[in-house]
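*Asks:* Input data.cif, format and content: mmCIF, C-alpha atoms (C1' of nucleotides).
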data_structure
#
loop_
_atom_site.label_atom_id
_atom_site.label_comp_id
_atom_site.auth_asym_id
_atom_site.auth_seq_id
_atom_site.Cartn_x
_atom_site.Cartn_y
_atom_site.Cartn_z
CA MET A 267 -10.39 10.51 -40.02
CA ALA A 268 -9.09 7.31 -38.55
CA LYS A 269 -11.07 6.99 -35.35
CA SER A 270 -9.69 4.39 -33.03
CA HIS A 271 -12.21 2.10 -31.46
CA ALA A 272 -10.93 0.09 -28.53
CA THR A 273 -11.57 -3.04 -30.53
CA ASP A 274 -10.05 -1.75 -33.73
CA PRO A 275 -8.60 -4.86 -35.33
CA GLY A 276 -5.94 -3.15 -37.37
CA ASN A 277 -3.97 -1.10 -34.91
CA ILE A 278 -3.16 -0.60 -31.29
CA SER A 279 -2.99 2.89 -29.78
CA PRO A 280 0.27 4.22 -28.30
CA LEU A 281 -1.23 4.12 -24.84
CA GLU A 282 -2.41 0.56 -25.25
CA ALA A 283 1.06 -0.31 -26.49
CA VAL A 284 2.62 1.18 -23.36
CA GLU A 285 0.31 -0.89 -21.17
CA GLY A 286 1.28 -4.01 -23.07
CA LEU A 287 4.98 -3.25 -22.80
CA LYS A 288 4.67 -2.57 -19.06
CA ALA A 289 3.01 -5.93 -18.61
CA LEU A 290 5.80 -7.68 -20.53
CA ALA A 291 8.63 -5.76 -18.89
CA HIS A 292 9.02 -8.28 -16.12
CA PRO A 293 11.03 -11.51 -16.18
CA ALA A 294 8.33 -13.81 -14.87
CA ARG A 295 5.53 -12.38 -16.98
CA LEU A 296 7.65 -12.46 -20.11
CA GLN A 297 8.53 -16.05 -19.39
CA ILE A 298 4.90 -16.99 -18.85
CA MET A 299 4.03 -15.41 -22.20
CA ASP A 300 6.79 -17.48 -23.74
CA TRP A 301 5.45 -20.66 -22.16
CA LEU A 302 2.01 -19.87 -23.50
CA ARG A 303 3.36 -19.92 -27.04
CA ASP A 304 3.57 -23.69 -26.76
CA PRO A 305 1.35 -24.76 -23.87
CA HIS A 306 1.13 -28.34 -25.05
CA GLY A 307 4.91 -28.76 -25.04
CA GLU A 308 5.75 -26.65 -22.01
CA PHE A 309 3.19 -28.17 -19.64
CA SER A 310 3.35 -31.80 -20.73
CA GLN A 311 4.12 -32.96 -17.19
CA TRP A 312 0.73 -31.80 -15.89
CA GLU A 313 -2.53 -33.43 -16.83
CA PRO A 314 -4.41 -30.95 -18.99
CA ILE A 315 -7.87 -29.88 -17.82
CA ALA A 316 -8.82 -29.06 -21.38
CA ASP A 317 -7.21 -28.71 -24.80
CA ARG A 318 -4.35 -26.38 -24.12
CA ASP A 319 -3.91 -25.36 -27.72
CA GLU A 320 -7.43 -24.04 -27.53
CA VAL A 321 -7.88 -22.51 -24.07
CA GLY A 322 -4.34 -22.30 -22.77
CA VAL A 323 -3.17 -23.18 -19.28
CA CYS A 324 -4.82 -22.88 -15.87
CA VAL A 325 -3.40 -20.83 -13.02
CA SER A 326 -2.52 -23.89 -10.95
CA HIS A 327 -0.18 -25.18 -13.61
CA LEU A 328 1.37 -21.78 -14.18
CA GLN A 329 1.93 -21.60 -10.46
CA ALA A 330 3.45 -25.07 -10.33
CA LYS A 331 5.85 -24.40 -13.18
CA SER A 332 6.86 -20.94 -11.99
CA GLY A 333 7.20 -21.74 -8.30
CA LEU A 334 5.60 -18.42 -7.37
CA ALA A 335 2.84 -17.83 -4.83
CA GLN A 336 -0.71 -18.36 -6.03
CA SER A 337 -1.68 -14.74 -5.41
CA THR A 338 1.36 -13.58 -7.33
CA VAL A 339 0.53 -15.65 -10.39
CA SER A 340 -3.10 -14.59 -10.28
CA SER A 341 -2.09 -10.95 -10.15
CA TYR A 342 0.36 -11.39 -13.04
CA MET A 343 -2.31 -12.95 -15.20
CA ALA A 344 -4.72 -10.14 -14.32
CA THR A 345 -2.05 -7.66 -15.40
CA LEU A 346 -1.51 -9.47 -18.69
CA GLU A 347 -5.24 -9.69 -19.32
CA ARG A 348 -5.87 -6.02 -18.55
CA ALA A 349 -3.16 -5.23 -21.10
CA GLY A 350 -5.00 -7.40 -23.63
CA LEU A 351 -2.13 -9.84 -24.11
CA VAL A 352 -4.04 -12.92 -22.92
CA ARG A 353 -7.64 -14.06 -22.86
CA SER A 354 -9.23 -16.20 -20.20
CA THR A 355 -11.69 -19.06 -20.30
CA ARG A 356 -13.24 -20.74 -17.30
CA ILE A 357 -13.60 -24.49 -17.50
CA GLY A 358 -15.09 -25.91 -14.36
CA LYS A 359 -13.19 -24.39 -11.47
CA TRP A 360 -10.15 -23.71 -13.57
CA ILE A 361 -9.50 -20.46 -15.36
CA HIS A 362 -7.31 -20.92 -18.40
CA TYR A 363 -5.21 -18.28 -20.05
CA ARG A 364 -4.04 -18.21 -23.64
CA ARG A 365 -2.02 -15.69 -25.63
CA ASP A 366 -3.77 -13.23 -27.88
CA GLU A 367 -1.45 -13.66 -30.83
CA ASP A 368 -3.13 -10.88 -32.72
CA VAL A 369 -2.39 -8.29 -30.06
CA MET A 370 1.13 -9.64 -29.61
CA SER A 371 1.78 -9.24 -33.32
CA GLN A 372 0.48 -5.70 -33.22
CA LEU A 373 2.79 -4.93 -30.31
CA ALA A 374 5.71 -6.38 -32.23
CA GLU A 375 4.80 -4.18 -35.17
CA VAL A 376 4.85 -1.11 -32.94
CA LEU A 377 8.44 -1.90 -32.00
CA ARG A 378 9.50 -2.51 -35.56
CA GLY A 379 7.63 0.60 -36.60
CA ALA A 380 4.29 0.47 -38.31
CA GLN A 381 2.30 3.10 -36.47
CA ARG A 382 -0.20 5.41 -38.03
CA PRO A 383 1.12 8.91 -38.83
CA MET B 18 17.57 -21.57 -17.49
CA ALA B 19 19.04 -19.84 -20.45
CA LYS B 20 22.73 -19.70 -21.16
CA SER B 21 23.34 -16.10 -22.02
CA HIS B 22 26.08 -14.88 -24.29
CA ALA B 23 26.00 -11.15 -23.77
CA THR B 24 27.42 -10.45 -27.22
CA ASP B 25 25.49 -13.07 -29.12
CA PRO B 26 24.74 -11.39 -32.43
CA GLY B 27 21.78 -13.47 -33.47
CA ASN B 28 19.54 -13.29 -30.46
CA ILE B 29 18.82 -11.24 -27.42
CA SER B 30 18.67 -12.89 -24.00
CA PRO B 31 15.45 -12.88 -21.99
CA LEU B 32 17.01 -10.54 -19.45
CA GLU B 33 18.17 -8.14 -22.12
CA ALA B 34 14.69 -8.27 -23.59
CA VAL B 35 13.18 -7.32 -20.25
CA GLU B 36 15.51 -4.34 -19.99
CA GLY B 37 14.50 -3.23 -23.47
CA LEU B 38 10.82 -3.62 -22.71
CA LYS B 39 11.18 -1.65 -19.46
CA ALA B 40 12.82 1.16 -21.37
CA LEU B 41 10.01 1.21 -23.93
CA ALA B 42 7.19 0.86 -21.39
CA HIS B 43 6.84 4.58 -20.96
CA PRO B 44 4.82 6.99 -23.10
CA ALA B 45 7.52 9.59 -23.67
CA ARG B 46 10.29 7.10 -24.35
CA LEU B 47 8.13 5.11 -26.74
CA GLN B 48 7.24 8.31 -28.55
CA ILE B 49 10.89 9.33 -28.82
CA MET B 50 11.71 5.94 -30.29
CA ASP B 51 8.92 6.50 -32.79
CA TRP B 52 10.28 9.92 -33.73
CA LEU B 53 13.71 8.41 -34.25
CA ARG B 54 12.31 6.13 -36.91
CA ASP B 55 12.10 9.15 -39.20
CA PRO B 56 14.36 11.86 -37.75
CA HIS B 57 14.53 13.76 -41.00
CA GLY B 58 10.78 14.12 -41.23
CA GLU B 59 9.98 14.53 -37.54
CA PHE B 60 12.56 17.22 -36.78
CA SER B 61 12.37 19.22 -40.00
CA GLN B 62 11.62 22.43 -38.11
CA TRP B 63 15.03 22.40 -36.39
CA GLU B 64 18.27 22.97 -38.22
CA PRO B 65 20.16 19.69 -38.23
CA ILE B 66 23.62 19.64 -36.66
CA ALA B 67 24.53 16.68 -38.82
CA ASP B 68 22.91 14.19 -41.15
CA ARG B 69 20.03 12.89 -39.08
CA ASP B 70 19.56 9.75 -41.10
CA GLU B 71 23.10 8.86 -40.13
CA VAL B 72 23.59 9.96 -36.53
CA GLY B 73 20.07 10.69 -35.37
CA VAL B 74 18.92 13.65 -33.30
CA CYS B 75 20.62 15.68 -30.57
CA VAL B 76 19.24 16.00 -27.06
CA SER B 77 18.36 19.69 -27.50
CA HIS B 78 16.00 18.92 -30.33
CA LEU B 79 14.46 15.99 -28.50
CA GLN B 80 13.94 18.32 -25.57
CA ALA B 81 12.40 21.03 -27.74
CA LYS B 82 9.98 18.63 -29.42
CA SER B 83 9.01 16.81 -26.22
CA GLY B 84 8.70 19.84 -23.96
CA LEU B 85 10.33 17.95 -21.10
CA ALA B 86 13.12 19.17 -18.84
CA GLN B 87 16.66 18.75 -20.12
CA SER B 88 17.64 16.44 -17.28
CA THR B 89 14.59 14.32 -17.93
CA VAL B 90 15.37 13.86 -21.61
CA SER B 91 19.00 13.13 -20.87
CA SER B 92 18.00 10.49 -18.36
CA TYR B 93 15.51 8.93 -20.79
CA MET B 94 18.15 8.66 -23.49
CA ALA B 95 20.57 7.11 -21.01
CA THR B 96 17.91 4.56 -20.15
CA LEU B 97 17.32 3.74 -23.81
CA GLU B 98 21.05 3.49 -24.47
CA ARG B 99 21.69 1.22 -21.47
CA ALA B 100 18.97 -1.04 -22.85
CA GLY B 101 20.76 -1.09 -26.21
CA LEU B 102 17.87 0.44 -28.14
CA VAL B 103 19.78 3.53 -29.29
CA ARG B 104 23.38 4.42 -30.06
CA SER B 105 24.99 7.78 -29.47
CA THR B 106 27.45 9.85 -31.45
CA ARG B 107 29.04 13.08 -30.30
CA ILE B 108 29.39 15.78 -32.92
CA GLY B 109 30.88 18.92 -31.50
CA LYS B 110 29.03 19.66 -28.29
CA TRP B 111 25.97 17.77 -29.41
CA ILE B 112 25.31 14.16 -28.63
CA HIS B 113 23.09 12.52 -31.20
CA TYR B 114 20.97 9.45 -30.68
CA ARG B 115 19.75 7.06 -33.31
CA ARG B 116 17.73 3.86 -33.15
CA ASP B 117 19.44 0.51 -33.23
CA GLU B 118 17.08 -1.11 -35.70
CA ASP B 119 18.74 -4.46 -35.31
CA VAL B 120 18.06 -4.64 -31.58
CA MET B 121 14.54 -3.30 -32.09
CA SER B 122 13.85 -6.05 -34.60
CA GLN B 123 15.17 -8.66 -32.21
CA LEU B 124 12.90 -7.32 -29.49
CA ALA B 125 9.95 -7.48 -31.84
CA GLU B 126 10.83 -11.07 -32.62
CA VAL B 127 10.83 -11.93 -28.92
CA LEU B 128 7.25 -10.70 -28.69
CA ARG B 129 6.14 -12.58 -31.74
CA GLY B 130 8.05 -15.61 -30.55
CA ALA B 131 11.25 -16.62 -32.27
CA GLN B 132 13.63 -17.43 -29.49
CA ARG B 133 16.64 -19.68 -29.99
CA PRO B 134 15.69 -23.38 -29.90
"C1'" DC C 80 -26.88 -27.47 2.57
"C1'" DG C 81 -21.74 -27.55 3.93
"C1'" DA C 82 -17.09 -28.76 2.51
"C1'" DT C 83 -13.55 -28.26 -0.69
"C1'" DC C 84 -10.88 -26.53 -4.21
"C1'" DA C 85 -9.34 -22.80 -7.74
"C1'" DT C 86 -8.81 -18.22 -8.25
"C1'" DA C 87 -9.23 -13.29 -7.00
"C1'" DT C 88 -8.66 -9.47 -3.98
"C1'" DC C 89 -6.83 -7.10 0.09
"C1'" DG C 90 -3.28 -5.27 3.12
"C1'" DT C 91 1.35 -4.90 3.96
"C1'" DT C 92 6.45 -3.65 3.70
"C1'" DA C 93 10.28 -3.08 0.66
"C1'" DC C 94 12.07 -1.26 -3.16
"C1'" DA C 95 12.09 1.12 -7.94
"C1'" DT C 96 10.77 4.75 -10.98
"C1'" DC C 97 9.20 9.59 -12.11
"C1'" DG C 98 10.30 14.26 -13.14
"C1'" DC C 99 12.29 18.10 -11.73
"C1'" DG C 100 15.85 21.79 -10.16
"C1'" DA C 101 20.47 22.23 -8.95
"C1'" DT C 102 24.89 21.24 -10.07
"C1'" DA C 103 28.83 18.91 -12.26
"C1'" DT C 104 31.28 17.64 -16.50
"C1'" DG C 105 32.92 18.37 -20.86
"C1'" DT C 106 33.47 20.78 -25.33
"C1'" DA C 107 34.19 24.75 -28.06
"C1'" DA C 108 34.43 29.64 -28.96
"C1'" DA C 109 36.41 34.18 -27.68
"C1'" DT D 20 42.10 31.05 -19.72
"C1'" DT D 21 37.60 32.60 -19.33
"C1'" DT D 22 33.09 32.19 -21.04
"C1'" DA D 23 29.24 30.01 -22.86
"C1'" DC D 24 26.71 26.22 -24.11
"C1'" DA D 25 25.28 21.00 -24.42
"C1'" DT D 26 24.75 17.17 -21.82
"C1'" DA D 27 25.17 14.28 -17.65
"C1'" DT D 28 24.60 13.34 -12.85
"C1'" DC D 29 22.81 14.18 -8.16
"C1'" DG D 30 19.24 14.65 -4.61
"C1'" DC D 31 14.70 15.03 -3.61
"C1'" DG D 32 9.57 13.95 -2.52
"C1'" DA D 33 5.95 11.68 -4.79
"C1'" DT D 34 4.11 7.85 -6.84
"C1'" DG D 35 4.13 3.12 -8.49
"C1'" DT D 36 5.35 -1.78 -8.48
"C1'" DA D 37 6.95 -6.42 -6.20
"C1'" DA D 38 5.70 -10.33 -3.71
"C1'" DC D 39 3.68 -12.37 -0.22
"C1'" DG D 40 0.19 -14.16 3.45
"C1'" DA D 41 -4.43 -13.72 4.76
"C1'" DT D 42 -8.84 -13.69 3.33
"C1'" DA D 43 -12.85 -13.29 0.18
"C1'" DT D 44 -15.33 -15.03 -3.87
"C1'" DG D 45 -17.18 -18.44 -6.72
"C1'" DA D 46 -17.69 -23.11 -8.59
"C1'" DT D 47 -18.18 -28.02 -7.77
"C1'" DC D 48 -19.02 -32.18 -5.18
"C1'" DG D 49 -20.82 -34.87 -1.41
#
What's the structure tokens form of this structure?
*Replies:*
Amino acid sequence: MAKSHATDPGNISPLEAVEGLKALAHPARLQIMDWLRDPHGEFSQWEPIADRDEVGVCVSHLQAKSGLAQSTVSSYMATLERAGLVRSTRIGKWIHYRRDEDVMSQLAEVLRGAQRP
Amino acid sequence: MAKSHATDPGNISPLEAVEGLKALAHPARLQIMDWLRDPHGEFSQWEPIADRDEVGVCVSHLQAKSGLAQSTVSSYMATLERAGLVRSTRIGKWIHYRRDEDVMSQLAEVLRGAQRP
DNA sequence: CGATCATATCGTTACATCGCGATATGTAAA
DNA sequence: TTTACATATCGCGATGTAACGATATGATCG
């Protein structure tokens, strides 16, 4: 009787979990997700475009800190967003990405073991 | 960059975390890890070789339940073991695999965000 | 409008993973 | 020792991912 809507707040489906894990199973993407836990602290050397605790960090700054090509960073963030791990907000020309802590917690629960029977 | 003690008991290194996430980022392997959370309940239709709550489940039974080829299951379990997510015990001719709950918890913590300061 | 800047998408080559059958290894029974 | 069985490893073609430069899109500013 438990129908799973894509936006079900309580639980993530096994397939969604796999997509999330694939997105995280990469050194640079995992590191970016770690940086996004504390955007204010991690990106203090770059002038913020907007409140980072609210909207996250723009691609330019992620690129600067990571040293990767712009297209690479953009593609990584698209991967993370498709997996539902981050959300994006455009502010002027800059697109900012922030963690979706809710989804990350659900993923963590899947690993620890709290799936529906 | 991170100083990595391979045998650090408290925390998993970012690179080890990536290996664990890669191993889990696959539908069949994630499902197997889920089954291994409750081997007694999940494999009740097969006669246990040994106490499943202690040593886990043998490859034959994983193969039977998954429907995959023997070589495929063996390779999956090798992947999970290399990543440190399961431990193996040989009993007679049967090799049993069980979850390493400690490592799984550490992985979950990495996702939620509790890395060493 | 045209120029500029931030980001996304495309096209490419290199490399990794998938899943299997075939075969090797290793253990135990006969 | 021979046989049988459980598991591991090998080799393969198919598919997917990595990372980049080039280029397209889309917003802003003059």
*Asks:* How far apart are chain B and chain A by Cα RMSD after a least-squares superposition over every Cα, paired in order?
*Replies:* 1.6 Å
*Asks:* Set the distance at 8 Å and use only C-alpha atoms (C1' of nucleotides): which residues neighbour region 39-42 of chain B once local chain neighbours fewer than 4 positions away are removed? I'd like the list as a PyMOL selection string.
*Replies:* (chain A and resi 284-288+291-292) or (chain B and resi 35+46-47+96-97+100)
*Asks:* Using only C-alpha atoms (C1' of nucleotides), I'd like every residue of chain A that has an atom within 8 Å of chain D; please write them out as a VMD selection string.
*Replies:* chain A and resid 335 337 to 338 358 to 359
*Asks:* Distance cut-off 9 Å, counting only C-alpha atoms (C1' of nucleotides) - which residues of chain C neighbour chain B? Return them as a PyMOL selection string.
*Replies:* chain C and resi 98-99+105-107
*Asks:* Distance CA of Asp119 (chain B)-CA of Pro31 (chain B), one decimal place?
*Replies:*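 For CA of Asp119 (chain B) relative to CA of Pro31 (chain B), the distance reads 16.1 Å.
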*Asks:* Would you give me, as number ranges by chain, the residues of chain B that come within 12 Å of chain A, using all atoms listed in the file?
*Replies:* B: 18-19, 30-55, 58-59, 102, 116-133
*Asks:* Calculate how many Å separate C1' of DC89 (chain C) from CA of Ala344 (chain A), rounding to one decimal.
*Replies:*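 Interatomic distance here is 14.9 Å.
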*Asks:* State, in Å with one decimal place, the distance from CA of Cys75 (chain B) to CA of Arg104 (chain B).
*Replies:* 11.6 Å
*Asks:* The PyMOL selection byres ((chain B and resi 105) around 9) on the file shown: which residues, as a list of chain:residue names?
*Replies:*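 Applied to this file, the PyMOL selection byres ((chain B and resi 105) around 9) returns B:Val72, B:Gly73, B:Glu98, B:Val103, B:Arg104, B:Thr106, B:Arg107, B:Ile112, B:His113, B:Tyr114, B:Arg115.
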*Asks:* Region 84-91 of chain C, all listed atoms, 4 Å padding on each side: what axis-aligned box centre and edge lengths in Å to one decimal come out, as AutoDock Vina command-line options?
*Replies:*
--center_x -4.8 --center_y -15.7 --center_z -2.1 --size_x 20.2 --size_y 29.6 --size_z 20.2
